[in-house]
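Undergrad: Below is the file my_file-v7.pdb, with PDB, C-alpha atoms.
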```
ATOM      1  CA  ASP V   1     -16.867  57.791  -9.212  1.00  0.00           C
ATOM      2  CA  ILE V   2     -14.264  60.552  -9.565  1.00  0.00           C
ATOM      3  CA  GLN V   3     -14.464  63.077  -6.740  1.00  0.00           C
ATOM      4  CA  MET V   4     -13.593  66.714  -7.475  1.00  0.00           C
ATOM      5  CA  THR V   5     -12.318  68.717  -4.509  1.00  0.00           C
ATOM      6  CA  GLN V   6     -12.468  72.434  -5.221  1.00  0.00           C
ATOM      7  CA  SER V   7     -10.790  75.160  -3.165  1.00  0.00           C
ATOM      8  CA  PRO V   8     -11.308  77.653  -1.778  1.00  0.00           C
ATOM      9  CA  SER V   9     -15.070  77.591  -1.206  1.00  0.00           C
ATOM     10  CA  PHE V  10     -15.121  81.356  -0.783  1.00  0.00           C
ATOM     11  CA  LEU V  11     -12.772  84.024  -2.043  1.00  0.00           C
ATOM     12  CA  SER V  12     -12.741  87.765  -1.451  1.00  0.00           C
ATOM     13  CA  ALA V  13     -10.442  89.830  -3.667  1.00  0.00           C
ATOM     14  CA  THR V  14      -9.855  93.367  -4.903  1.00  0.00           C
ATOM     15  CA  VAL V  15     -10.236  94.651  -8.462  1.00  0.00           C
ATOM     16  CA  GLY V  16      -6.953  94.046 -10.257  1.00  0.00           C
ATOM     17  CA  ASP V  17      -5.944  91.071  -8.090  1.00  0.00           C
ATOM     18  CA  ARG V  18      -4.676  87.828  -9.521  1.00  0.00           C
ATOM     19  CA  VAL V  19      -7.081  85.091  -8.431  1.00  0.00           C
ATOM     20  CA  THR V  20      -6.561  81.340  -8.502  1.00  0.00           C
ATOM     21  CA  ILE V  21      -9.079  78.559  -7.940  1.00  0.00           C
ATOM     22  CA  ASN V  22      -8.077  74.928  -7.669  1.00  0.00           C
ATOM     23  CA  CYS V  23      -9.659  71.561  -8.372  1.00  0.00           C
ATOM     24  CA  LYS V  24      -8.179  68.246  -7.373  1.00  0.00           C
ATOM     25  CA  ALA V  25      -9.498  65.017  -8.853  1.00  0.00           C
ATOM     26  CA  SER V  26      -9.468  61.729  -6.967  1.00  0.00           C
ATOM     27  CA  GLN V  27      -7.717  60.135  -9.945  1.00  0.00           C
ATOM     28  CA  ASN V  28      -6.045  61.133 -13.203  1.00  0.00           C
ATOM     29  CA  ILE V  29      -8.588  62.850 -15.483  1.00  0.00           C
ATOM     30  CA  ASN V  30      -6.264  63.270 -18.489  1.00  0.00           C
ATOM     31  CA  LYS V  31      -6.870  67.034 -18.767  1.00  0.00           C
ATOM     32  CA  TYR V  32     -10.608  66.548 -19.416  1.00  0.00           C
ATOM     33  CA  LEU V  33     -11.423  69.451 -17.126  1.00  0.00           C
ATOM     34  CA  ASN V  34     -13.714  72.388 -17.831  1.00  0.00           C
ATOM     35  CA  TRP V  35     -14.293  75.585 -15.838  1.00  0.00           C
ATOM     36  CA  TYR V  36     -17.627  77.402 -15.608  1.00  0.00           C
ATOM     37  CA  GLN V  37     -18.823  80.745 -14.307  1.00  0.00           C
ATOM     38  CA  GLN V  38     -22.324  81.004 -12.869  1.00  0.00           C
ATOM     39  CA  LYS V  39     -23.980  84.258 -11.919  1.00  0.00           C
ATOM     40  CA  LEU V  40     -27.057  84.381  -9.720  1.00  0.00           C
ATOM     41  CA  GLY V  41     -30.112  83.058 -11.514  1.00  0.00           C
ATOM     42  CA  GLU V  42     -28.216  82.152 -14.677  1.00  0.00           C
ATOM     43  CA  ALA V  43     -27.065  78.950 -16.326  1.00  0.00           C
ATOM     44  CA  PRO V  44     -23.382  78.022 -16.109  1.00  0.00           C
ATOM     45  CA  LYS V  45     -21.180  79.605 -18.762  1.00  0.00           C
ATOM     46  CA  ARG V  46     -18.164  77.684 -20.021  1.00  0.00           C
ATOM     47  CA  LEU V  47     -14.905  79.595 -19.649  1.00  0.00           C
ATOM     48  CA  ILE V  48     -12.203  76.988 -20.236  1.00  0.00           C
ATOM     49  CA  TYR V  49     -12.368  73.513 -21.757  1.00  0.00           C
ATOM     50  CA  ASN V  50      -9.910  70.624 -21.746  1.00  0.00           C
ATOM     51  CA  THR V  51      -7.794  72.322 -19.057  1.00  0.00           C
ATOM     52  CA  ASN V  52      -6.448  75.296 -20.991  1.00  0.00           C
ATOM     53  CA  SER V  53      -8.547  76.097 -24.074  1.00  0.00           C
ATOM     54  CA  LEU V  54     -10.306  79.446 -23.826  1.00  0.00           C
ATOM     55  CA  GLN V  55     -13.947  79.468 -24.866  1.00  0.00           C
ATOM     56  CA  THR V  56     -14.679  81.825 -27.738  1.00  0.00           C
ATOM     57  CA  GLY V  57     -15.731  85.241 -26.458  1.00  0.00           C
ATOM     58  CA  ILE V  58     -14.252  84.820 -22.980  1.00  0.00           C
ATOM     59  CA  PRO V  59     -11.718  87.511 -21.967  1.00  0.00           C
ATOM     60  CA  SER V  60      -8.076  86.516 -22.049  1.00  0.00           C
ATOM     61  CA  ARG V  61      -7.651  87.332 -18.353  1.00  0.00           C
ATOM     62  CA  PHE V  62      -9.122  83.864 -17.755  1.00  0.00           C
ATOM     63  CA  SER V  63      -6.726  80.942 -18.147  1.00  0.00           C
ATOM     64  CA  GLY V  64      -6.468  77.332 -17.081  1.00  0.00           C
ATOM     65  CA  SER V  65      -3.653  74.943 -16.346  1.00  0.00           C
ATOM     66  CA  GLY V  66      -2.956  71.571 -14.841  1.00  0.00           C
ATOM     67  CA  SER V  67      -2.521  67.899 -15.496  1.00  0.00           C
ATOM     68  CA  GLY V  68      -3.098  64.555 -13.848  1.00  0.00           C
ATOM     69  CA  THR V  69      -5.207  65.254 -10.794  1.00  0.00           C
ATOM     70  CA  ASP V  70      -4.511  68.973 -10.169  1.00  0.00           C
ATOM     71  CA  TYR V  71      -6.038  71.870 -12.095  1.00  0.00           C
ATOM     72  CA  THR V  72      -6.168  75.650 -11.701  1.00  0.00           C
ATOM     73  CA  LEU V  73      -8.293  78.492 -13.010  1.00  0.00           C
ATOM     74  CA  THR V  74      -6.546  81.868 -12.968  1.00  0.00           C
ATOM     75  CA  ILE V  75      -8.040  85.318 -13.402  1.00  0.00           C
ATOM     76  CA  SER V  76      -5.056  87.547 -14.088  1.00  0.00           C
ATOM     77  CA  SER V  77      -6.680  90.847 -13.159  1.00  0.00           C
ATOM     78  CA  LEU V  78     -10.022  90.657 -11.393  1.00  0.00           C
ATOM     79  CA  GLN V  79     -12.811  92.812 -12.791  1.00  0.00           C
ATOM     80  CA  PRO V  80     -16.102  93.733 -11.089  1.00  0.00           C
ATOM     81  CA  GLU V  81     -18.081  91.663 -13.599  1.00  0.00           C
ATOM     82  CA  ASP V  82     -16.171  88.534 -12.506  1.00  0.00           C
ATOM     83  CA  VAL V  83     -18.161  88.330  -9.264  1.00  0.00           C
ATOM     84  CA  ALA V  84     -19.791  84.909  -9.579  1.00  0.00           C
ATOM     85  CA  THR V  85     -19.508  81.289  -8.506  1.00  0.00           C
ATOM     86  CA  TYR V  86     -16.995  79.138 -10.377  1.00  0.00           C
ATOM     87  CA  PHE V  87     -17.212  75.364 -10.902  1.00  0.00           C
ATOM     88  CA  CYS V  88     -14.914  72.772 -12.349  1.00  0.00           C
ATOM     89  CA  LEU V  89     -16.207  69.711 -14.213  1.00  0.00           C
ATOM     90  CA  GLN V  90     -14.389  66.501 -15.076  1.00  0.00           C
ATOM     91  CA  HIS V  91     -15.493  64.729 -18.252  1.00  0.00           C
ATOM     92  CA  ASN V  92     -12.837  62.036 -18.367  1.00  0.00           C
ATOM     93  CA  SER V  93     -15.314  59.357 -17.358  1.00  0.00           C
ATOM     94  CA  GLY V  94     -18.897  58.984 -16.229  1.00  0.00           C
ATOM     95  CA  PRO V  95     -20.559  59.830 -13.994  1.00  0.00           C
ATOM     96  CA  TYR V  96     -19.337  63.333 -14.830  1.00  0.00           C
ATOM     97  CA  THR V  97     -18.692  65.238 -11.632  1.00  0.00           C
ATOM     98  CA  PHE V  98     -18.431  68.860 -10.592  1.00  0.00           C
ATOM     99  CA  GLY V  99     -16.485  70.685  -7.926  1.00  0.00           C
ATOM    100  CA  ALA V 100     -18.569  72.159  -5.129  1.00  0.00           C
ATOM    101  CA  GLY V 101     -17.935  75.705  -6.323  1.00  0.00           C
ATOM    102  CA  THR V 102     -15.989  78.818  -5.355  1.00  0.00           C
ATOM    103  CA  LYS V 103     -17.949  81.954  -4.575  1.00  0.00           C
ATOM    104  CA  LEU V 104     -15.901  84.975  -5.627  1.00  0.00           C
ATOM    105  CA  GLU V 105     -16.704  88.364  -4.155  1.00  0.00           C
ATOM    106  CA  LEU V 106     -15.138  91.804  -4.225  1.00  0.00           C
ATOM    107  CA  LYS V 107     -13.370  92.975  -1.104  1.00  0.00           C
TER     108      LYS V 107
ATOM    109  CA  GLN J   1     -27.656  79.187 -33.600  1.00  0.00           C
ATOM    110  CA  VAL J   2     -27.377  76.535 -30.924  1.00  0.00           C
ATOM    111  CA  GLN J   3     -30.158  76.620 -28.340  1.00  0.00           C
ATOM    112  CA  LEU J   4     -31.482  74.310 -25.668  1.00  0.00           C
ATOM    113  CA  LYS J   5     -34.637  75.086 -23.737  1.00  0.00           C
ATOM    114  CA  GLU J   6     -36.125  73.209 -20.810  1.00  0.00           C
ATOM    115  CA  SER J   7     -39.827  73.151 -20.074  1.00  0.00           C
ATOM    116  CA  GLY J   8     -42.048  71.501 -17.531  1.00  0.00           C
ATOM    117  CA  PRO J   9     -44.126  72.057 -14.418  1.00  0.00           C
ATOM    118  CA  GLY J  10     -42.721  74.289 -11.727  1.00  0.00           C
ATOM    119  CA  LEU J  11     -44.442  72.434  -8.902  1.00  0.00           C
ATOM    120  CA  VAL J  12     -44.648  68.705  -8.310  1.00  0.00           C
ATOM    121  CA  GLN J  13     -46.197  66.944  -5.336  1.00  0.00           C
ATOM    122  CA  PRO J  14     -44.121  64.546  -3.226  1.00  0.00           C
ATOM    123  CA  SER J  15     -44.167  60.944  -4.497  1.00  0.00           C
ATOM    124  CA  GLN J  16     -45.282  62.114  -7.953  1.00  0.00           C
ATOM    125  CA  THR J  17     -43.424  61.955 -11.257  1.00  0.00           C
ATOM    126  CA  LEU J  18     -41.470  64.814 -12.804  1.00  0.00           C
ATOM    127  CA  SER J  19     -41.642  65.198 -16.580  1.00  0.00           C
ATOM    128  CA  LEU J  20     -39.360  67.677 -18.333  1.00  0.00           C
ATOM    129  CA  THR J  21     -38.662  68.421 -21.987  1.00  0.00           C
ATOM    130  CA  CYS J  22     -35.472  69.779 -23.546  1.00  0.00           C
ATOM    131  CA  THR J  23     -36.129  71.274 -26.981  1.00  0.00           C
ATOM    132  CA  VAL J  24     -33.002  71.858 -29.038  1.00  0.00           C
ATOM    133  CA  SER J  25     -32.207  73.807 -32.183  1.00  0.00           C
ATOM    134  CA  GLY J  26     -29.116  74.500 -34.240  1.00  0.00           C
ATOM    135  CA  PHE J  27     -27.771  70.954 -33.988  1.00  0.00           C
ATOM    136  CA  SER J  28     -28.863  67.365 -34.575  1.00  0.00           C
ATOM    137  CA  LEU J  29     -29.730  64.846 -31.874  1.00  0.00           C
ATOM    138  CA  THR J  30     -28.218  62.175 -34.108  1.00  0.00           C
ATOM    139  CA  SER J  31     -24.773  63.780 -33.831  1.00  0.00           C
ATOM    140  CA  TYR J  32     -24.852  65.142 -30.270  1.00  0.00           C
ATOM    141  CA  ASN J  33     -25.545  63.680 -26.852  1.00  0.00           C
ATOM    142  CA  VAL J  34     -27.921  65.575 -24.552  1.00  0.00           C
ATOM    143  CA  HIS J  35     -27.445  65.496 -20.797  1.00  0.00           C
ATOM    144  CA  TRP J  36     -29.522  66.485 -17.810  1.00  0.00           C
ATOM    145  CA  VAL J  37     -27.871  68.271 -14.871  1.00  0.00           C
ATOM    146  CA  ARG J  38     -29.589  69.558 -11.732  1.00  0.00           C
ATOM    147  CA  GLN J  39     -28.757  72.048  -9.008  1.00  0.00           C
ATOM    148  CA  PRO J  40     -30.472  72.267  -5.614  1.00  0.00           C
ATOM    149  CA  PRO J  41     -30.964  75.840  -4.386  1.00  0.00           C
ATOM    150  CA  GLY J  42     -27.649  77.328  -3.274  1.00  0.00           C
ATOM    151  CA  LYS J  43     -25.749  74.110  -3.962  1.00  0.00           C
ATOM    152  CA  GLY J  44     -23.557  72.472  -6.571  1.00  0.00           C
ATOM    153  CA  LEU J  45     -24.301  70.702  -9.823  1.00  0.00           C
ATOM    154  CA  GLU J  46     -25.158  67.023 -10.244  1.00  0.00           C
ATOM    155  CA  TRP J  47     -25.012  65.090 -13.503  1.00  0.00           C
ATOM    156  CA  MET J  48     -28.181  63.028 -13.872  1.00  0.00           C
ATOM    157  CA  GLY J  49     -27.883  61.169 -17.140  1.00  0.00           C
ATOM    158  CA  ARG J  50     -27.654  61.421 -20.903  1.00  0.00           C
ATOM    159  CA  MET J  51     -29.298  60.482 -24.187  1.00  0.00           C
ATOM    160  CA  ARG J  52     -26.607  59.493 -26.639  1.00  0.00           C
ATOM    161  CA  TYR J  53     -26.642  60.358 -30.354  1.00  0.00           C
ATOM    162  CA  ASN J  54     -27.489  56.735 -31.189  1.00  0.00           C
ATOM    163  CA  GLY J  55     -30.407  56.469 -28.752  1.00  0.00           C
ATOM    164  CA  ASP J  56     -28.531  54.760 -25.926  1.00  0.00           C
ATOM    165  CA  THR J  57     -28.884  56.135 -22.408  1.00  0.00           C
ATOM    166  CA  SER J  58     -26.747  56.226 -19.280  1.00  0.00           C
ATOM    167  CA  TYR J  59     -27.657  57.336 -15.795  1.00  0.00           C
ATOM    168  CA  ASN J  60     -26.113  58.439 -12.538  1.00  0.00           C
ATOM    169  CA  SER J  61     -26.269  55.343 -10.368  1.00  0.00           C
ATOM    170  CA  ALA J  62     -27.681  57.429  -7.503  1.00  0.00           C
ATOM    171  CA  LEU J  63     -30.783  58.169  -9.597  1.00  0.00           C
ATOM    172  CA  LYS J  64     -30.943  55.194 -11.942  1.00  0.00           C
ATOM    173  CA  SER J  65     -33.854  53.445 -10.244  1.00  0.00           C
ATOM    174  CA  ARG J  66     -36.069  56.544 -10.584  1.00  0.00           C
ATOM    175  CA  LEU J  67     -34.889  58.118 -13.832  1.00  0.00           C
ATOM    176  CA  SER J  68     -35.734  57.631 -17.500  1.00  0.00           C
ATOM    177  CA  ILE J  69     -34.501  59.662 -20.471  1.00  0.00           C
ATOM    178  CA  SER J  70     -35.995  59.363 -23.950  1.00  0.00           C
ATOM    179  CA  ARG J  71     -36.192  61.406 -27.139  1.00  0.00           C
ATOM    180  CA  ASP J  72     -38.161  62.291 -30.246  1.00  0.00           C
ATOM    181  CA  THR J  73     -35.680  63.199 -32.962  1.00  0.00           C
ATOM    182  CA  SER J  74     -38.444  64.400 -35.308  1.00  0.00           C
ATOM    183  CA  LYS J  75     -39.334  67.079 -32.785  1.00  0.00           C
ATOM    184  CA  ASN J  76     -35.751  67.756 -31.629  1.00  0.00           C
ATOM    185  CA  GLN J  77     -36.753  66.932 -28.068  1.00  0.00           C
ATOM    186  CA  VAL J  78     -35.238  64.982 -25.203  1.00  0.00           C
ATOM    187  CA  PHE J  79     -37.387  63.992 -22.249  1.00  0.00           C
ATOM    188  CA  LEU J  80     -36.645  63.369 -18.581  1.00  0.00           C
ATOM    189  CA  LYS J  81     -38.961  61.443 -16.305  1.00  0.00           C
ATOM    190  CA  MET J  82     -38.169  60.890 -12.647  1.00  0.00           C
ATOM    191  CA  ASN J  83     -40.546  59.205 -10.248  1.00  0.00           C
ATOM    192  CA  SER J  84     -41.015  59.129  -6.493  1.00  0.00           C
ATOM    193  CA  LEU J  85     -40.034  62.764  -6.088  1.00  0.00           C
ATOM    194  CA  GLN J  86     -39.056  64.044  -2.652  1.00  0.00           C
ATOM    195  CA  THR J  87     -38.362  67.524  -1.322  1.00  0.00           C
ATOM    196  CA  ASP J  88     -34.621  67.141  -1.875  1.00  0.00           C
ATOM    197  CA  ASP J  89     -35.336  66.847  -5.616  1.00  0.00           C
ATOM    198  CA  THR J  90     -36.209  70.541  -5.554  1.00  0.00           C
ATOM    199  CA  GLY J  91     -33.869  72.564  -7.722  1.00  0.00           C
ATOM    200  CA  THR J  92     -33.090  73.896 -11.165  1.00  0.00           C
ATOM    201  CA  TYR J  93     -32.863  71.330 -13.940  1.00  0.00           C
ATOM    202  CA  TYR J  94     -30.685  72.012 -16.972  1.00  0.00           C
ATOM    203  CA  CYS J  95     -30.061  70.271 -20.263  1.00  0.00           C
ATOM    204  CA  THR J  96     -26.722  70.565 -22.002  1.00  0.00           C
ATOM    205  CA  ARG J  97     -24.872  68.763 -24.766  1.00  0.00           C
ATOM    206  CA  ASP J  98     -21.689  67.176 -25.998  1.00  0.00           C
ATOM    207  CA  HIS J  99     -20.606  65.808 -29.351  1.00  0.00           C
ATOM    208  CA  ARG J 100     -20.333  62.118 -30.214  1.00  0.00           C
ATOM    209  CA  ASN J 101     -16.575  62.391 -30.874  1.00  0.00           C
ATOM    210  CA  ASN J 102     -15.401  65.971 -30.296  1.00  0.00           C
ATOM    211  CA  TYR J 103     -14.273  66.453 -26.702  1.00  0.00           C
ATOM    212  CA  GLY J 104     -13.947  70.184 -27.287  1.00  0.00           C
ATOM    213  CA  VAL J 105     -17.721  70.541 -27.293  1.00  0.00           C
ATOM    214  CA  PHE J 106     -18.382  69.004 -23.881  1.00  0.00           C
ATOM    215  CA  PHE J 107     -21.116  70.952 -22.068  1.00  0.00           C
ATOM    216  CA  ASP J 108     -20.509  74.084 -24.167  1.00  0.00           C
ATOM    217  CA  TYR J 109     -24.134  75.220 -24.402  1.00  0.00           C
ATOM    218  CA  TRP J 110     -26.763  74.999 -21.673  1.00  0.00           C
ATOM    219  CA  GLY J 111     -30.456  75.720 -21.476  1.00  0.00           C
ATOM    220  CA  GLN J 112     -31.627  78.495 -19.179  1.00  0.00           C
ATOM    221  CA  GLY J 113     -32.880  75.919 -16.688  1.00  0.00           C
ATOM    222  CA  VAL J 114     -36.291  75.171 -15.214  1.00  0.00           C
ATOM    223  CA  MET J 115     -36.956  75.512 -11.499  1.00  0.00           C
ATOM    224  CA  VAL J 116     -38.825  72.576  -9.993  1.00  0.00           C
ATOM    225  CA  THR J 117     -40.270  72.691  -6.489  1.00  0.00           C
ATOM    226  CA  VAL J 118     -41.398  69.500  -4.802  1.00  0.00           C
ATOM    227  CA  SER J 119     -44.059  70.419  -2.296  1.00  0.00           C
ATOM    228  CA  SER J 120     -47.582  69.549  -1.281  1.00  0.00           C
TER     229      SER J 120
END
```
Written as structure tokens, that's how I'd like the structure from this file.

TA:
Amino acid sequence: DIQMTQSPSFLSATVGDRVTINCKASQNINKYLNWYQQKLGEAPKRLIYNTNSLQTGIPSRFSGSGSGTDYTLTISSLQPEDVATYFCLQHNSGPYTFGAGTKLELK
Amino acid sequence: QVQLKESGPGLVQPSQTLSLTCTVSGFSLTSYNVHWVRQPPGKGLEWMGRMRYNGDTSYNSALKSRLSISRDTSKNQVFLKMNSLQTDDTGTYYCTRDHRNNYGVFFDYWGQGVMVTVSS
């Protein structure tokens, strides 16, 4: 199984900050990497698919990058509504696996 | 529009069987795969298994001995059954989808989830 190591587990930042969250796969996942935002009590919402494609309706301050085993989600200018937990997901091969999550809070 | 909705009992007794239904609309089960994903309280997400567009199934090996996924295409429903439930099976269960050959659709829409508590 492909293991996804996500960092950091917790992040505290100020409105307007540039924020980065990382996921490292245990093997090459060929850019089949999605990012999700999950707010308390809600289902995950897809932000980015296939490493760098922005989901329709998601603000352009969210972006993704990476290749091989290393991937990054960037929020260019943090907004109050971005407080949430963020997960990565690899769908290169089954079983599909998620990162453990990054809880993002406002400082 | 695309919708997925989970339904099922909120409380299951230990050692009993969990039965959940995912009812979909806005897309065809003969073109899309439907997956089940679960999340223990305060923890991360775990892929459980999937019903493929052609009726084939695949399961997470950690759950394979207890899990069964089936469907009724006439009712646009996918079913999950998991036996021998224990307290660590408590969590929110989601269904989601991907397309048979379009990787851009992978897990784009999710149901709202159903909370299942395993307790006597």

Undergrad: Taking all atoms listed in the file into account, find every residue of chain J that has an atom no more than 12 Å from chain V, and write it out as a ChimeraX atom specification.

TA: /J:4-6,35-50,58-64,91-96,98,102-115

Undergrad: Would you save the residues from that selection as a PDB file, in the coordinates of the input, using C-alpha atoms?

TA:
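Written output follows (selection_34.pdb):
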```
ATOM      1  CA  LEU J   4     -31.482  74.310 -25.668  1.00  0.00           C
ATOM      2  CA  LYS J   5     -34.637  75.086 -23.737  1.00  0.00           C
ATOM      3  CA  GLU J   6     -36.125  73.209 -20.810  1.00  0.00           C
ATOM      4  CA  HIS J  35     -27.445  65.496 -20.797  1.00  0.00           C
ATOM      5  CA  TRP J  36     -29.522  66.485 -17.810  1.00  0.00           C
ATOM      6  CA  VAL J  37     -27.871  68.271 -14.871  1.00  0.00           C
ATOM      7  CA  ARG J  38     -29.589  69.558 -11.732  1.00  0.00           C
ATOM      8  CA  GLN J  39     -28.757  72.048  -9.008  1.00  0.00           C
ATOM      9  CA  PRO J  40     -30.472  72.267  -5.614  1.00  0.00           C
ATOM     10  CA  PRO J  41     -30.964  75.840  -4.386  1.00  0.00           C
ATOM     11  CA  GLY J  42     -27.649  77.328  -3.274  1.00  0.00           C
ATOM     12  CA  LYS J  43     -25.749  74.110  -3.962  1.00  0.00           C
ATOM     13  CA  GLY J  44     -23.557  72.472  -6.571  1.00  0.00           C
ATOM     14  CA  LEU J  45     -24.301  70.702  -9.823  1.00  0.00           C
ATOM     15  CA  GLU J  46     -25.158  67.023 -10.244  1.00  0.00           C
ATOM     16  CA  TRP J  47     -25.012  65.090 -13.503  1.00  0.00           C
ATOM     17  CA  MET J  48     -28.181  63.028 -13.872  1.00  0.00           C
ATOM     18  CA  GLY J  49     -27.883  61.169 -17.140  1.00  0.00           C
ATOM     19  CA  ARG J  50     -27.654  61.421 -20.903  1.00  0.00           C
ATOM     20  CA  SER J  58     -26.747  56.226 -19.280  1.00  0.00           C
ATOM     21  CA  TYR J  59     -27.657  57.336 -15.795  1.00  0.00           C
ATOM     22  CA  ASN J  60     -26.113  58.439 -12.538  1.00  0.00           C
ATOM     23  CA  SER J  61     -26.269  55.343 -10.368  1.00  0.00           C
ATOM     24  CA  ALA J  62     -27.681  57.429  -7.503  1.00  0.00           C
ATOM     25  CA  LEU J  63     -30.783  58.169  -9.597  1.00  0.00           C
ATOM     26  CA  LYS J  64     -30.943  55.194 -11.942  1.00  0.00           C
ATOM     27  CA  GLY J  91     -33.869  72.564  -7.722  1.00  0.00           C
ATOM     28  CA  THR J  92     -33.090  73.896 -11.165  1.00  0.00           C
ATOM     29  CA  TYR J  93     -32.863  71.330 -13.940  1.00  0.00           C
ATOM     30  CA  TYR J  94     -30.685  72.012 -16.972  1.00  0.00           C
ATOM     31  CA  CYS J  95     -30.061  70.271 -20.263  1.00  0.00           C
ATOM     32  CA  THR J  96     -26.722  70.565 -22.002  1.00  0.00           C
ATOM     33  CA  ASP J  98     -21.689  67.176 -25.998  1.00  0.00           C
ATOM     34  CA  ASN J 102     -15.401  65.971 -30.296  1.00  0.00           C
ATOM     35  CA  TYR J 103     -14.273  66.453 -26.702  1.00  0.00           C
ATOM     36  CA  GLY J 104     -13.947  70.184 -27.287  1.00  0.00           C
ATOM     37  CA  VAL J 105     -17.721  70.541 -27.293  1.00  0.00           C
ATOM     38  CA  PHE J 106     -18.382  69.004 -23.881  1.00  0.00           C
ATOM     39  CA  PHE J 107     -21.116  70.952 -22.068  1.00  0.00           C
ATOM     40  CA  ASP J 108     -20.509  74.084 -24.167  1.00  0.00           C
ATOM     41  CA  TYR J 109     -24.134  75.220 -24.402  1.00  0.00           C
ATOM     42  CA  TRP J 110     -26.763  74.999 -21.673  1.00  0.00           C
ATOM     43  CA  GLY J 111     -30.456  75.720 -21.476  1.00  0.00           C
ATOM     44  CA  GLN J 112     -31.627  78.495 -19.179  1.00  0.00           C
ATOM     45  CA  GLY J 113     -32.880  75.919 -16.688  1.00  0.00           C
ATOM     46  CA  VAL J 114     -36.291  75.171 -15.214  1.00  0.00           C
ATOM     47  CA  MET J 115     -36.956  75.512 -11.499  1.00  0.00           C
TER      48      MET J 115
END
```

Undergrad: Can you give me, as a PDB file with C-alpha atoms, in the frame of the given file, the residues this file yields under the PyMOL selection byres ((chain J and resi 78) around 10)?

TA:
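Result saved to out38.pdb:
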```pdb
ATOM      1  CA  GLU J   6     -36.125  73.209 -20.810  1.00  0.00           C
ATOM      2  CA  LEU J  20     -39.360  67.677 -18.333  1.00  0.00           C
ATOM      3  CA  THR J  21     -38.662  68.421 -21.987  1.00  0.00           C
ATOM      4  CA  CYS J  22     -35.472  69.779 -23.546  1.00  0.00           C
ATOM      5  CA  THR J  23     -36.129  71.274 -26.981  1.00  0.00           C
ATOM      6  CA  VAL J  24     -33.002  71.858 -29.038  1.00  0.00           C
ATOM      7  CA  LEU J  29     -29.730  64.846 -31.874  1.00  0.00           C
ATOM      8  CA  ASN J  33     -25.545  63.680 -26.852  1.00  0.00           C
ATOM      9  CA  VAL J  34     -27.921  65.575 -24.552  1.00  0.00           C
ATOM     10  CA  HIS J  35     -27.445  65.496 -20.797  1.00  0.00           C
ATOM     11  CA  TRP J  36     -29.522  66.485 -17.810  1.00  0.00           C
ATOM     12  CA  ARG J  50     -27.654  61.421 -20.903  1.00  0.00           C
ATOM     13  CA  MET J  51     -29.298  60.482 -24.187  1.00  0.00           C
ATOM     14  CA  ILE J  69     -34.501  59.662 -20.471  1.00  0.00           C
ATOM     15  CA  SER J  70     -35.995  59.363 -23.950  1.00  0.00           C
ATOM     16  CA  ARG J  71     -36.192  61.406 -27.139  1.00  0.00           C
ATOM     17  CA  ASP J  72     -38.161  62.291 -30.246  1.00  0.00           C
ATOM     18  CA  THR J  73     -35.680  63.199 -32.962  1.00  0.00           C
ATOM     19  CA  LYS J  75     -39.334  67.079 -32.785  1.00  0.00           C
ATOM     20  CA  ASN J  76     -35.751  67.756 -31.629  1.00  0.00           C
ATOM     21  CA  GLN J  77     -36.753  66.932 -28.068  1.00  0.00           C
ATOM     22  CA  PHE J  79     -37.387  63.992 -22.249  1.00  0.00           C
ATOM     23  CA  LEU J  80     -36.645  63.369 -18.581  1.00  0.00           C
ATOM     24  CA  CYS J  95     -30.061  70.271 -20.263  1.00  0.00           C
TER      25      CYS J  95
END
```

Undergrad: As a check of understanding, name the residues that the PyMOL selection byres ((chain V and resi 3) around 6) selects in the supplied structure, as JSON, numbers by chain.

TA: {"V": [2, 4, 25, 26]}

Undergrad: Dump C-alpha atoms for the selected residues as a short mmCIF file (atom, residue, chain, number, x, y, z; two decimals), keeping the file's coordinate frame?

TA:
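Saved the output as out_31.cif:
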```cif
data_model
loop_
_atom_site.label_atom_id
_atom_site.label_comp_id
_atom_site.auth_asym_id
_atom_site.auth_seq_id
_atom_site.Cartn_x
_atom_site.Cartn_y
_atom_site.Cartn_z
CA ILE V 2 -14.26 60.55 -9.56
CA MET V 4 -13.59 66.71 -7.48
CA ALA V 25 -9.50 65.02 -8.85
CA SER V 26 -9.47 61.73 -6.97
#
```

Undergrad: Produce the centre coordinates and the three edge lengths, each in Å to one decimal, of the box along x, y and z that contains all listed atoms of segment 53-63 of chain V with 6 Å added on each side, as JSON.

TA:
```
{"center_x": -11.2, "center_y": 81.8, "center_z": -22.7, "size_x": 21.0, "size_y": 23.4, "size_z": 22.0}
```

Undergrad: Tell me, in Å to one decimal, how far atom CA of Glu105 of chain V is from atom CA of Thr14 of chain V.

TA: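 About the pair atom CA of Glu105 of chain V and atom CA of Thr14 of chain V: they are 8.5 Å apart.
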
Undergrad: Report as a ChimeraX atom specification the residues that result from applying the PyMOL selection byres ((chain V and resi 73) around 9) to the structure here.

TA: /V:19-23,35,48,51-52,62-66,71-72,74-75,88

Undergrad: What is the distance between atom CA of Ser9 of chain V and atom CA of Val116 of chain J, in Å to one decimal?

TA: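 So the two atoms, atom CA of Ser9 of chain V and atom CA of Val116 of chain J, lie 25.8 Å apart.
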
Undergrad: Find, counting all atoms listed in the file, the residue in J:Thr57, J:Thr117, J:Gln86, J:Gln1 that gets nearest to Pro14 of chain J.

TA: J:Gln86

Undergrad: Would you work out the distance separating atom CA of Asp70 of chain V from atom CA of Pro8 of chain V, expressed in Å to one decimal?

TA: 13.9 Å
